[in-house]
Amino acid sequence: MNFNQKNQTSTNLQDSIVGSQIRQNYEGYINSSSKTTPTTPRKVLIRSFPYTTSLYSQDLEVSDESLFSVWLGCHAFVIEREQESEANDVVKLARLSYENDEDSAYRLLYNYVDTALEQHLNAEKVKNIFEAAIKNNLQIDLLVGLLTVTYRFDYFLASIRQEFFNSVKIKAIKALGETETTEMLWGLI
Amino acid sequence: MAVPTWLESDQNVFISSPYSLAIAIKKIASDRFHIGILYKNLKNELQVLHFAFHHDLRNERLDNSYHWVNIRLNRTRAKGVVYQCELIASKKAKIPYGITYKGGQINKSGYYSSALNEVGLTCTTFILAVFEAQVGIKLVDWQSWESRPEDTQFVNHMVSAMRERNKKNTNPTIPEAHIKSVEEDICIRIRPEELTASAKFSIAELPVDFLKVQLPASEIKAALL
């Protein structure tokens with residue numbers, strides 16, 4: 001059973017309630033004249049964010065791109081949620097998006113990590129994302145993407161990146177072999 | 001002289017190749033080249049991200065004036081770099097012109113962070129600033145570069161070009177103090193053909209030093225000038 005199916009069975013009732021709530025607020029977000037000014041509807045989106053993955057392409061029938069827009073729209077308020085579960089949600093959404101649209105998955109992760117570092121210099125957030133990425137079996141491409149986007153913050157994240165690098169290397173060697181892994185990870189640490 | 005086999009110019013070949021990144025080079029004067037980062041985006045469009053001049057960063061479709069050398073980077077690894085290029089391209093970075101590289105970088109937000117005593121970047125060192133400082137691609141050991149007497153002529157030419165540009169505009173766009181800094185800075189110039197040539201080496205051989213890159217750089221020069 002994949003993540004999507006699991007959520008479908010366990011949250012059907014919640015989905016139907018939260019789904020309509022998200023739909024309303026998503027429309028509110030899309031129609032909002034200022035997408036940079038935080039609004040109350042977007043706060044509701046955050047609270048229902050865990051469900052958006054199971055509603056993906058079903059109740060909402062949104063494309064990856066618009067789902068990404070929803071995510072971006074509410075991103076500013078993500079801090080309201082517990083960081084660890086937030087990291088899991090972001091990684092699961094990226095993992096799911098990647099199957100249909102690599103672009104959205106990359107941008108989702110890049111934007112999240114870059115915001116955490118560029119604006120807040122928040123190593124804890126990045127550490128949570130790294131751990132969630134390994135735990136949730138994020139695709140190798142995206143794991144390498146995470147190493148790439150955090151490269152220039154190595155001075156600040158050295159031990160966290162080293163630990164993540166080692167985990168990615170082990171996964172990559174299993175999947176791709178030693179030679180390809182060495183080439184793929186060249187220069188990243 | 002024949003064009004080396006590793007110096008490519010067929011767009012279809014690049015599109016169908018496993019590579020997504022290259023250093024693109026073109027002749028812009030009888031003795032000078034200009035270079036940029038050639039990348040293949042997800043739509044298979046070929047774009048060149050290049051630093052044209054002072055405060056003039058461009059992202060353009062590849063045209064027939066360029067040749068290029070593929071960076072033999074793993075596809076997965078290259079993908080992350082392509083995204084970085086696209087993000088940098090989407091910002092309007094105001095990068096000052098300056099010749100000697102001292103380790104500056106362009107961050108994803110599009111801002112240029114100069115290294116200590118660094119005046120600005122060239123088309124060549126812009127690529128170093130993106131690759132080396134931001135995504136871990138070390139093509140050359142830039143600290144091994146040597147100063148050459150003929151580079152003084154290049155400095156003089158660029159200083160004149162900056163003053164010329166100011167004369168043409170009603171409002172000068174390059175402060176005289178900046179031009180003076182370029183003029184007075186020590187000159188250790190990494191030439192476009194040298195950085196381009198470094199891409200021909202395998203990942204295991206990188207970064208290459210000043211001496212190692214001279215032969216392939218002279219081959220590019222002989223083929224394209």
# chains A, B, ... in the order shown; residues from 1 in each chain; ligands from 1

$ interface_residues --of "chain A" --to "chain B" --cutoff "6 Å" --atoms "only C-alpha atoms" --output "NGL selection string"
:A and (141 or 145 or 148 or 151-152 or 184 or 187-188)

$ write_last_selection --atoms "N, CA and C atoms" --output "CSV table (one decimal), in the first residue's frame"
chain,number,residue,atom,x,y,z
A,141,ASP,N,17.2,11.1,-7.1
A,141,ASP,CA,17.4,12.4,-7.8
A,141,ASP,C,17.1,13.5,-6.8
A,145,GLY,N,19.5,16.3,-5.2
A,145,GLY,CA,19.1,17.7,-5.3
A,145,GLY,C,19.2,18.4,-4.0
A,148,THR,N,22.7,19.2,-3.3
A,148,THR,CA,23.1,20.3,-4.2
A,148,THR,C,22.7,21.7,-3.6
A,151,TYR,N,24.6,22.9,-0.7
A,151,TYR,CA,26.1,22.9,-0.8
A,151,TYR,C,26.7,24.1,-0.2
A,152,ARG,N,26.2,25.3,-0.6
A,152,ARG,CA,26.9,26.5,-0.3
A,152,ARG,C,26.7,26.9,1.2
A,184,MET,N,28.0,10.6,-9.3
A,184,MET,CA,26.8,11.4,-9.0
A,184,MET,C,27.1,12.3,-7.8
A,187,GLY,N,32.0,16.1,-5.7
A,187,GLY,CA,32.1,17.5,-5.3
A,187,GLY,C,31.0,18.0,-4.3
A,188,LEU,N,30.1,17.1,-3.9
A,188,LEU,CA,29.0,17.6,-3.1
A,188,LEU,C,29.3,17.8,-1.6

$ residues_around --residues "Glu193 of chain B" --least-positions-apart "5" --cutoff "10 Å" --atoms "only C-alpha atoms" --output "ChimeraX atom specification"
/B:23-27,32-35,124,198,213-214,216-221,224

$ write_last_selection --atoms "C-alpha atoms" --output "PDB file, in the first residue's frame"
ATOM      1  CA  ILE B  23      30.405  25.475 -21.308  1.00  0.00           C
ATOM      2  CA  ALA B  24      29.431  27.356 -24.465  1.00  0.00           C
ATOM      3  CA  ILE B  25      31.965  29.560 -26.231  1.00  0.00           C
ATOM      4  CA  LYS B  26      31.818  32.014 -29.116  1.00  0.00           C
ATOM      5  CA  LYS B  27      34.196  34.394 -30.808  1.00  0.00           C
ATOM      6  CA  ARG B  32      38.601  37.256 -27.859  1.00  0.00           C
ATOM      7  CA  PHE B  33      35.906  34.828 -26.768  1.00  0.00           C
ATOM      8  CA  HIS B  34      32.783  35.022 -24.654  1.00  0.00           C
ATOM      9  CA  ILE B  35      31.399  32.072 -22.677  1.00  0.00           C
ATOM     10  CA  THR B 124      34.366  33.277 -17.121  1.00  0.00           C
ATOM     11  CA  SER B 198      38.630  22.311 -18.545  1.00  0.00           C
ATOM     12  CA  VAL B 213      44.491  23.329 -19.378  1.00  0.00           C
ATOM     13  CA  GLN B 214      46.845  25.204 -21.710  1.00  0.00           C
ATOM     14  CA  PRO B 216      43.244  22.059 -24.979  1.00  0.00           C
ATOM     15  CA  ALA B 217      42.708  25.838 -24.588  1.00  0.00           C
ATOM     16  CA  SER B 218      45.147  26.465 -27.442  1.00  0.00           C
ATOM     17  CA  GLU B 219      43.243  23.909 -29.530  1.00  0.00           C
ATOM     18  CA  ILE B 220      40.002  25.845 -29.013  1.00  0.00           C
ATOM     19  CA  LYS B 221      41.772  29.066 -29.910  1.00  0.00           C
ATOM     20  CA  LEU B 224      37.674  29.107 -33.503  1.00  0.00           C
TER      21      LEU B 224
END

$ atom_distance --atom1 "atom CA of Lys169 of chain A" --atom2 "atom CA of Phe14 of chain B"
29.0 Å

$ select_by_dssp --residues "segment 83-140 of chain B" --states "strand (DSSP E or B)" --output "PyMOL selection string"
chain B and resi 97+105-106+112-113+121+140

$ atom_distance --atom1 "atom CA of Lys212 of chain B" --atom2 "atom CA of Trp145 of chain B"
10.9 Å

$ atom_distance --atom1 "atom CA of His120 of chain A" --atom2 "atom CA of Tyr112 of chain B"
19.2 Å

$ decode --residues "segment 48-86 of chain B" --atoms "N, CA and C atoms" --output "short mmCIF file (atom, residue, chain, number, x, y, z; two decimals), in the first residue's frame"
data_model
loop_
_atom_site.label_atom_id
_atom_site.label_comp_id
_atom_site.auth_asym_id
_atom_site.auth_seq_id
_atom_site.Cartn_x
_atom_site.Cartn_y
_atom_site.Cartn_z
N VAL B 48 21.41 29.53 -22.72
CA VAL B 48 22.75 29.93 -22.31
C VAL B 48 22.61 31.02 -21.25
N LEU B 49 23.10 30.72 -20.05
CA LEU B 49 23.12 31.71 -18.97
C LEU B 49 24.51 32.34 -18.99
N HIS B 50 24.57 33.64 -19.27
CA HIS B 50 25.90 34.25 -19.40
C HIS B 50 25.93 35.68 -18.88
N PHE B 51 27.09 36.04 -18.38
CA PHE B 51 27.30 37.38 -17.85
C PHE B 51 27.89 38.22 -18.99
N ALA B 52 27.04 39.05 -19.60
CA ALA B 52 27.44 39.78 -20.81
C ALA B 52 28.38 40.94 -20.50
N PHE B 53 28.07 41.69 -19.44
CA PHE B 53 28.89 42.85 -19.09
C PHE B 53 28.40 43.38 -17.74
N HIS B 54 28.96 44.49 -17.30
CA HIS B 54 28.59 45.10 -16.02
C HIS B 54 27.05 45.22 -15.88
N HIS B 55 26.53 44.63 -14.82
CA HIS B 55 25.08 44.64 -14.54
C HIS B 55 24.25 44.10 -15.69
N ASP B 56 24.75 43.12 -16.39
CA ASP B 56 24.04 42.60 -17.55
C ASP B 56 24.13 41.07 -17.61
N LEU B 57 23.29 40.43 -16.80
CA LEU B 57 23.23 38.96 -16.79
C LEU B 57 22.10 38.53 -17.71
N ARG B 58 22.38 37.59 -18.60
CA ARG B 58 21.37 37.19 -19.58
C ARG B 58 21.14 35.68 -19.60
N ASN B 59 19.92 35.32 -19.95
CA ASN B 59 19.59 33.91 -20.18
C ASN B 59 18.89 33.85 -21.53
N GLU B 60 19.55 33.24 -22.52
CA GLU B 60 19.03 33.31 -23.88
C GLU B 60 19.02 31.92 -24.52
N ARG B 61 18.18 31.78 -25.54
CA ARG B 61 18.20 30.55 -26.32
C ARG B 61 19.56 30.40 -26.99
N LEU B 62 20.04 29.18 -27.06
CA LEU B 62 21.31 28.92 -27.74
C LEU B 62 21.16 29.26 -29.22
N ASP B 63 22.14 30.00 -29.74
CA ASP B 63 22.10 30.27 -31.18
C ASP B 63 23.31 29.63 -31.86
N ASN B 64 23.36 29.77 -33.18
CA ASN B 64 24.39 29.05 -33.95
C ASN B 64 25.81 29.61 -33.80
N SER B 65 25.95 30.71 -33.07
CA SER B 65 27.28 31.30 -32.95
C SER B 65 28.16 30.55 -31.94
N TYR B 66 27.56 29.65 -31.18
CA TYR B 66 28.31 28.97 -30.11
C TYR B 66 28.83 27.58 -30.50
N HIS B 67 29.97 27.23 -29.93
CA HIS B 67 30.43 25.86 -29.82
C HIS B 67 30.38 25.55 -28.32
N TRP B 68 30.53 24.30 -27.96
CA TRP B 68 30.53 24.01 -26.52
C TRP B 68 31.28 22.71 -26.21
N VAL B 69 31.61 22.59 -24.92
CA VAL B 69 32.23 21.35 -24.42
C VAL B 69 31.33 20.82 -23.31
N ASN B 70 30.87 19.60 -23.46
CA ASN B 70 29.98 19.00 -22.44
C ASN B 70 30.71 18.80 -21.12
N ILE B 71 30.00 19.09 -20.05
CA ILE B 71 30.54 18.74 -18.72
C ILE B 71 30.04 17.33 -18.45
N ARG B 72 30.98 16.41 -18.27
CA ARG B 72 30.57 15.00 -18.19
C ARG B 72 30.09 14.63 -16.80
N LEU B 73 28.99 15.27 -16.47
CA LEU B 73 28.44 15.12 -15.14
C LEU B 73 27.27 14.14 -15.19
N ASN B 74 27.19 13.30 -14.19
CA ASN B 74 26.07 12.37 -14.04
C ASN B 74 24.74 13.13 -14.19
N ARG B 75 23.78 12.49 -14.89
CA ARG B 75 22.51 13.15 -15.21
C ARG B 75 21.77 13.65 -13.95
N THR B 76 21.75 12.80 -12.95
CA THR B 76 21.06 13.16 -11.71
C THR B 76 21.70 14.38 -11.07
N ARG B 77 23.00 14.37 -11.06
CA ARG B 77 23.75 15.47 -10.44
C ARG B 77 23.54 16.76 -11.25
N ALA B 78 23.54 16.60 -12.57
CA ALA B 78 23.40 17.77 -13.45
C ALA B 78 22.03 18.42 -13.30
N LYS B 79 21.04 17.58 -13.03
CA LYS B 79 19.67 18.08 -12.94
C LYS B 79 19.54 19.17 -11.87
N GLY B 80 20.16 18.90 -10.73
CA GLY B 80 20.12 19.88 -9.65
C GLY B 80 20.80 21.19 -10.04
N VAL B 81 21.86 21.07 -10.83
CA VAL B 81 22.59 22.27 -11.26
C VAL B 81 21.74 23.06 -12.26
N VAL B 82 21.05 22.33 -13.14
CA VAL B 82 20.19 22.99 -14.12
C VAL B 82 19.11 23.82 -13.40
N TYR B 83 18.55 23.24 -12.34
CA TYR B 83 17.55 24.00 -11.58
C TYR B 83 18.14 25.25 -10.97
N GLN B 84 19.35 25.13 -10.47
CA GLN B 84 19.99 26.32 -9.90
C GLN B 84 20.17 27.38 -10.98
N CYS B 85 20.59 26.96 -12.17
CA CYS B 85 20.79 27.91 -13.28
C CYS B 85 19.48 28.61 -13.61
N GLU B 86 18.41 27.83 -13.68
CA GLU B 86 17.11 28.42 -14.01
C GLU B 86 16.69 29.44 -12.96
#
